[in-house]
Amino acid sequence: MAAHLTKPVDTLVRGVSPVLEVPFHSDGALDPDGFTTVVDRVLATGVGSLMFPGFASEFHKLEPDERELLTGLLLQRTRPRPDVAAIVSVPDHATRSAVRQALRAAELGADALNLLPPHFLAPSRDAVSAHLREVLAAVDPLPVVVQYAPAQTGTALDAPTLHRLAADHPNLRWVKVESAPPGRLIAALAAGPRPLPSLVGYAGLQLPDALRRGAVGVQPGCSFTELYTGIWELWERGDEAGAVALHTRMLPYLSYWMQNVELIIAVEKEISVRRGWFASAHCRAPGYRLDGEELGMIDRFCAEFAPLLPELAR
C-alpha cells in the first residue's frame, strides 16, 4: 500500500476525475484494447485522476476476472506517472468481499479507493456505517472516496454520519455527492469540524452550484472529458461567467441523458465510437437502446462541440 505515499493524491484528486467506460465488441465480449485506448485518451486530456469501475463502467455487468484484468491495465498506465492518481472503486456489497477487493486494489497499486456503500435489500444506516468503517480500517492509510448515490442505491447517509466516519478514519478524504440536489450536502460536509471535500457526480448536472458550495471537483463519464476540463479551467481562472456559459450549453443534453443511467452510458459509448476510440457502442444487456431521435441528439451534440473534441473536428 505504498503507491499513494509517493504521489500528491490530495492535489491530484480535484478538478475533473472521469469515470472510465468499458468497451465491448458487438457480440458482448470484452474489448481490452479498446479500454487501454480509453485510458490513454482520457489521460491525454491532462486530468489529475480517473476512476474505475463505476456505474459508467457497467461494473455490475463485469465478470470478476474482467474487472481484475481492466484494473490491472489501468494501473499499468498510471503507476509510473507522478502526475495522475488512479482511483479504484470497490462496489462489492458483502463487507468481507469489499475488504478483500479493497486490499487487492491496494496491492496492485491503486492511489486511492472509491467505496460505494452496500445497498441491496436496504441495510440500515448502522450496517452501512459498519461496512464503511471495516473497509476504511483495512486499507488505512490509503485515501478513500465514499460515493453517496442515493438515487441509484437508495442508501441514506448524512453529513453528521460522514463526519463521524472521517473523525475516526482520517483516510476518508472525500465524498462523491450524487444526491439531488447535491449542494446542501456539499456545503454541510465543507462546514464540519474536519471539512470533508466533495466531488460532485451525476454528470455534473449541478456543477456550478456545487462549485459555489465548496466542491473540489467533478466525476463525470469520460467520452467528452474536454468539456468538463474546459469548465474547470475557466472556473479556476476566475471566469465564472464563461464556465457557466459552457455548462449551460451542455445542459439540454445532460438533462435528457441523465434521466436514466443506462441511457447516458449508451450515449457516451456512441460518442466515443464517433471519436474513434473503439469500434462498437455495445452495452451488455440489460441496457438502453438508443432510438433515432436520441441518435439525432448525439449528432447535434457532436456538431456543436466538435471544436472542443479533437477527433470530431477533423
# chains A, B, ... in the order shown; residues from 1 in each chain; ligands from 1
>>> residues_around(residues="range 229-242 of chain A", least_positions_apart="3", cutoff="8 Å", atoms="only C-alpha atoms", output="count of residues only")
9
>>> select_by_dssp(residues="range 69-274 of chain A", states="strand (DSSP E)", output="MDAnalysis selection string")
chainID A and resid 85:90 112:115 144:148 172:177 198:200 217:218
>>> residues_around(residues="Ala106 in chain A", least_positions_apart="3", cutoff="8 Å", atoms="only C-alpha atoms", output="list in words")
Met1, Ala3, Ala102, Leu103, Gly109, Ala110, Asp111, Ala112, Val139 and Leu142 of chain A
>>> residues_around(residues="Pro286 in chain A", least_positions_apart="6", cutoff="12 Å", atoms="only C-alpha atoms", output="list in words")
Gly28, Glu58, His60, Lys61, Glu262, Leu263 and Ala266 of chain A
>>> closest_residue(among="A:Ala56, A:Ile186, A:Leu43, A:Ile271", to="Leu295 in chain A", atoms="only C-alpha atoms")
A:Ile271
>>> residues_around(residues="range 133-137 of chain A", least_positions_apart="6", cutoff="8 Å", atoms="only C-alpha atoms", output="PDB file with all heavy atoms, in the first residue's frame")
ATOM      1  N   THR A  95     -19.417  -7.148   3.070  1.00  0.00           N
ATOM      2  CA  THR A  95     -18.274  -6.492   3.705  1.00  0.00           C
ATOM      3  C   THR A  95     -17.000  -7.313   3.529  1.00  0.00           C
ATOM      4  O   THR A  95     -15.933  -6.771   3.221  1.00  0.00           O
ATOM      5  CB  THR A  95     -18.560  -6.261   5.193  1.00  0.00           C
ATOM      6  OG1 THR A  95     -19.769  -5.500   5.325  1.00  0.00           O
ATOM      7  CG2 THR A  95     -17.417  -5.517   5.869  1.00  0.00           C
ATOM      8  N   ALA A  98     -15.817  -6.783   0.038  1.00  0.00           N
ATOM      9  CA  ALA A  98     -15.339  -5.419  -0.150  1.00  0.00           C
ATOM     10  C   ALA A  98     -13.947  -5.245   0.455  1.00  0.00           C
ATOM     11  O   ALA A  98     -13.070  -4.608  -0.151  1.00  0.00           O
ATOM     12  CB  ALA A  98     -16.319  -4.425   0.460  1.00  0.00           C
ATOM     13  N   VAL A  99     -13.727  -5.792   1.635  1.00  0.00           N
ATOM     14  CA  VAL A  99     -12.408  -5.709   2.262  1.00  0.00           C
ATOM     15  C   VAL A  99     -11.377  -6.408   1.386  1.00  0.00           C
ATOM     16  O   VAL A  99     -10.278  -5.882   1.136  1.00  0.00           O
ATOM     17  CB  VAL A  99     -12.432  -6.308   3.682  1.00  0.00           C
ATOM     18  CG1 VAL A  99     -11.012  -6.499   4.210  1.00  0.00           C
ATOM     19  CG2 VAL A  99     -13.234  -5.414   4.618  1.00  0.00           C
ATOM     20  N   ALA A 102     -10.730  -4.344  -1.729  1.00  0.00           N
ATOM     21  CA  ALA A 102     -10.001  -3.119  -1.395  1.00  0.00           C
ATOM     22  C   ALA A 102      -8.524  -3.408  -1.162  1.00  0.00           C
ATOM     23  O   ALA A 102      -7.638  -2.680  -1.645  1.00  0.00           O
ATOM     24  CB  ALA A 102     -10.621  -2.467  -0.161  1.00  0.00           C
ATOM     25  N   VAL A 144      -9.416   7.370   0.627  1.00  0.00           N
ATOM     26  CA  VAL A 144     -10.689   6.780   0.190  1.00  0.00           C
ATOM     27  C   VAL A 144     -11.709   7.876  -0.102  1.00  0.00           C
ATOM     28  O   VAL A 144     -11.813   8.864   0.636  1.00  0.00           O
ATOM     29  CB  VAL A 144     -11.249   5.822   1.263  1.00  0.00           C
ATOM     30  CG1 VAL A 144     -12.637   5.306   0.867  1.00  0.00           C
ATOM     31  CG2 VAL A 144     -10.303   4.643   1.486  1.00  0.00           C
ATOM     32  N   LEU A 165     -17.451   9.316  10.598  1.00  0.00           N
ATOM     33  CA  LEU A 165     -16.565   8.358   9.945  1.00  0.00           C
ATOM     34  C   LEU A 165     -15.195   8.964   9.689  1.00  0.00           C
ATOM     35  O   LEU A 165     -14.158   8.334   9.927  1.00  0.00           O
ATOM     36  CB  LEU A 165     -17.186   7.904   8.624  1.00  0.00           C
ATOM     37  CG  LEU A 165     -18.321   6.889   8.687  1.00  0.00           C
ATOM     38  CD1 LEU A 165     -18.982   6.764   7.324  1.00  0.00           C
ATOM     39  CD2 LEU A 165     -17.808   5.532   9.146  1.00  0.00           C
ATOM     40  N   HIS A 169     -11.613   7.803  10.986  1.00  0.00           N
ATOM     41  CA  HIS A 169     -10.823   7.207   9.908  1.00  0.00           C
ATOM     42  C   HIS A 169     -10.288   8.336   9.026  1.00  0.00           C
ATOM     43  O   HIS A 169     -10.919   8.723   8.040  1.00  0.00           O
ATOM     44  CB  HIS A 169     -11.670   6.233   9.092  1.00  0.00           C
ATOM     45  CG  HIS A 169     -12.225   5.098   9.890  1.00  0.00           C
ATOM     46  ND1 HIS A 169     -11.487   3.978  10.206  1.00  0.00           N
ATOM     47  CD2 HIS A 169     -13.445   4.936  10.464  1.00  0.00           C
ATOM     48  CE1 HIS A 169     -12.231   3.159  10.931  1.00  0.00           C
ATOM     49  NE2 HIS A 169     -13.415   3.720  11.104  1.00  0.00           N
ATOM     50  N   ASN A 171      -8.300   8.452   6.735  1.00  0.00           N
ATOM     51  CA  ASN A 171      -8.106   8.157   5.306  1.00  0.00           C
ATOM     52  C   ASN A 171      -9.387   8.335   4.501  1.00  0.00           C
ATOM     53  O   ASN A 171      -9.350   8.236   3.265  1.00  0.00           O
ATOM     54  CB  ASN A 171      -7.518   6.763   5.097  1.00  0.00           C
ATOM     55  CG  ASN A 171      -8.361   5.630   5.643  1.00  0.00           C
ATOM     56  OD1 ASN A 171      -8.968   5.767   6.704  1.00  0.00           O
ATOM     57  ND2 ASN A 171      -8.379   4.500   4.943  1.00  0.00           N
ATOM     58  N   LEU A 172     -10.521   8.621   5.146  1.00  0.00           N
ATOM     59  CA  LEU A 172     -11.708   9.068   4.407  1.00  0.00           C
ATOM     60  C   LEU A 172     -11.459  10.531   4.050  1.00  0.00           C
ATOM     61  O   LEU A 172     -11.536  11.419   4.892  1.00  0.00           O
ATOM     62  CB  LEU A 172     -12.980   8.912   5.243  1.00  0.00           C
ATOM     63  CG  LEU A 172     -14.252   9.557   4.673  1.00  0.00           C
ATOM     64  CD1 LEU A 172     -14.508   9.166   3.235  1.00  0.00           C
ATOM     65  CD2 LEU A 172     -15.458   9.227   5.550  1.00  0.00           C
TER      66      LEU A 172
END
>>> closest_residue(among="A:Ala127, A:Pro53, A:Phe120, A:Pro82", to="Ala105 in chain A", atoms="only C-alpha atoms")
A:Pro53
>>> closest_residue(among="A:Ala203, A:Leu12, A:Leu73, A:Val175", to="Gly34 in chain A", atoms="only C-alpha atoms")
A:Leu73
>>> residues_around(residues="range 213-224 of chain A", least_positions_apart="2", cutoff="8 Å", atoms="only C-alpha atoms", output="count of residues only")
37
>>> atom_distance(atom1="CA of Cys302 in chain A", atom2="CA of Met258 in chain A")
17.4 Å
>>> residues_around(residues="Tyr148 in chain A", least_positions_apart="6", cutoff="12 Å", atoms="only C-alpha atoms", output="ChimeraX atom specification")
/A:91,114-119,128,132,154-159,161-162,174-180,182,185-186,198-202
>>> select_by_dssp(residues="range 75-253 of chain A", states="alpha helix (DSSP H)", output="PyMOL selection string")
chain A and resi 75-78+95-108+125-139+150-153+159-168+183-190+207-212+225-236+240-253
>>> closest_residue(among="A:Leu69, A:Leu62, A:Ala303, A:Leu196", to="Val145 in chain A", atoms="only C-alpha atoms")
A:Leu196
>>> atom_distance(atom1="CA of Trp277 in chain A", atom2="CA of Met51 in chain A")
17.9 Å
>>> closest_residue(among="A:Ala188, A:Ser57, A:Asp92, A:Gly276", to="Pro310 in chain A", atoms="only C-alpha atoms")
A:Gly276
>>> atom_distance(atom1="CA of Arg194 in chain A", atom2="CA of Leu50 in chain A")
25.0 Å
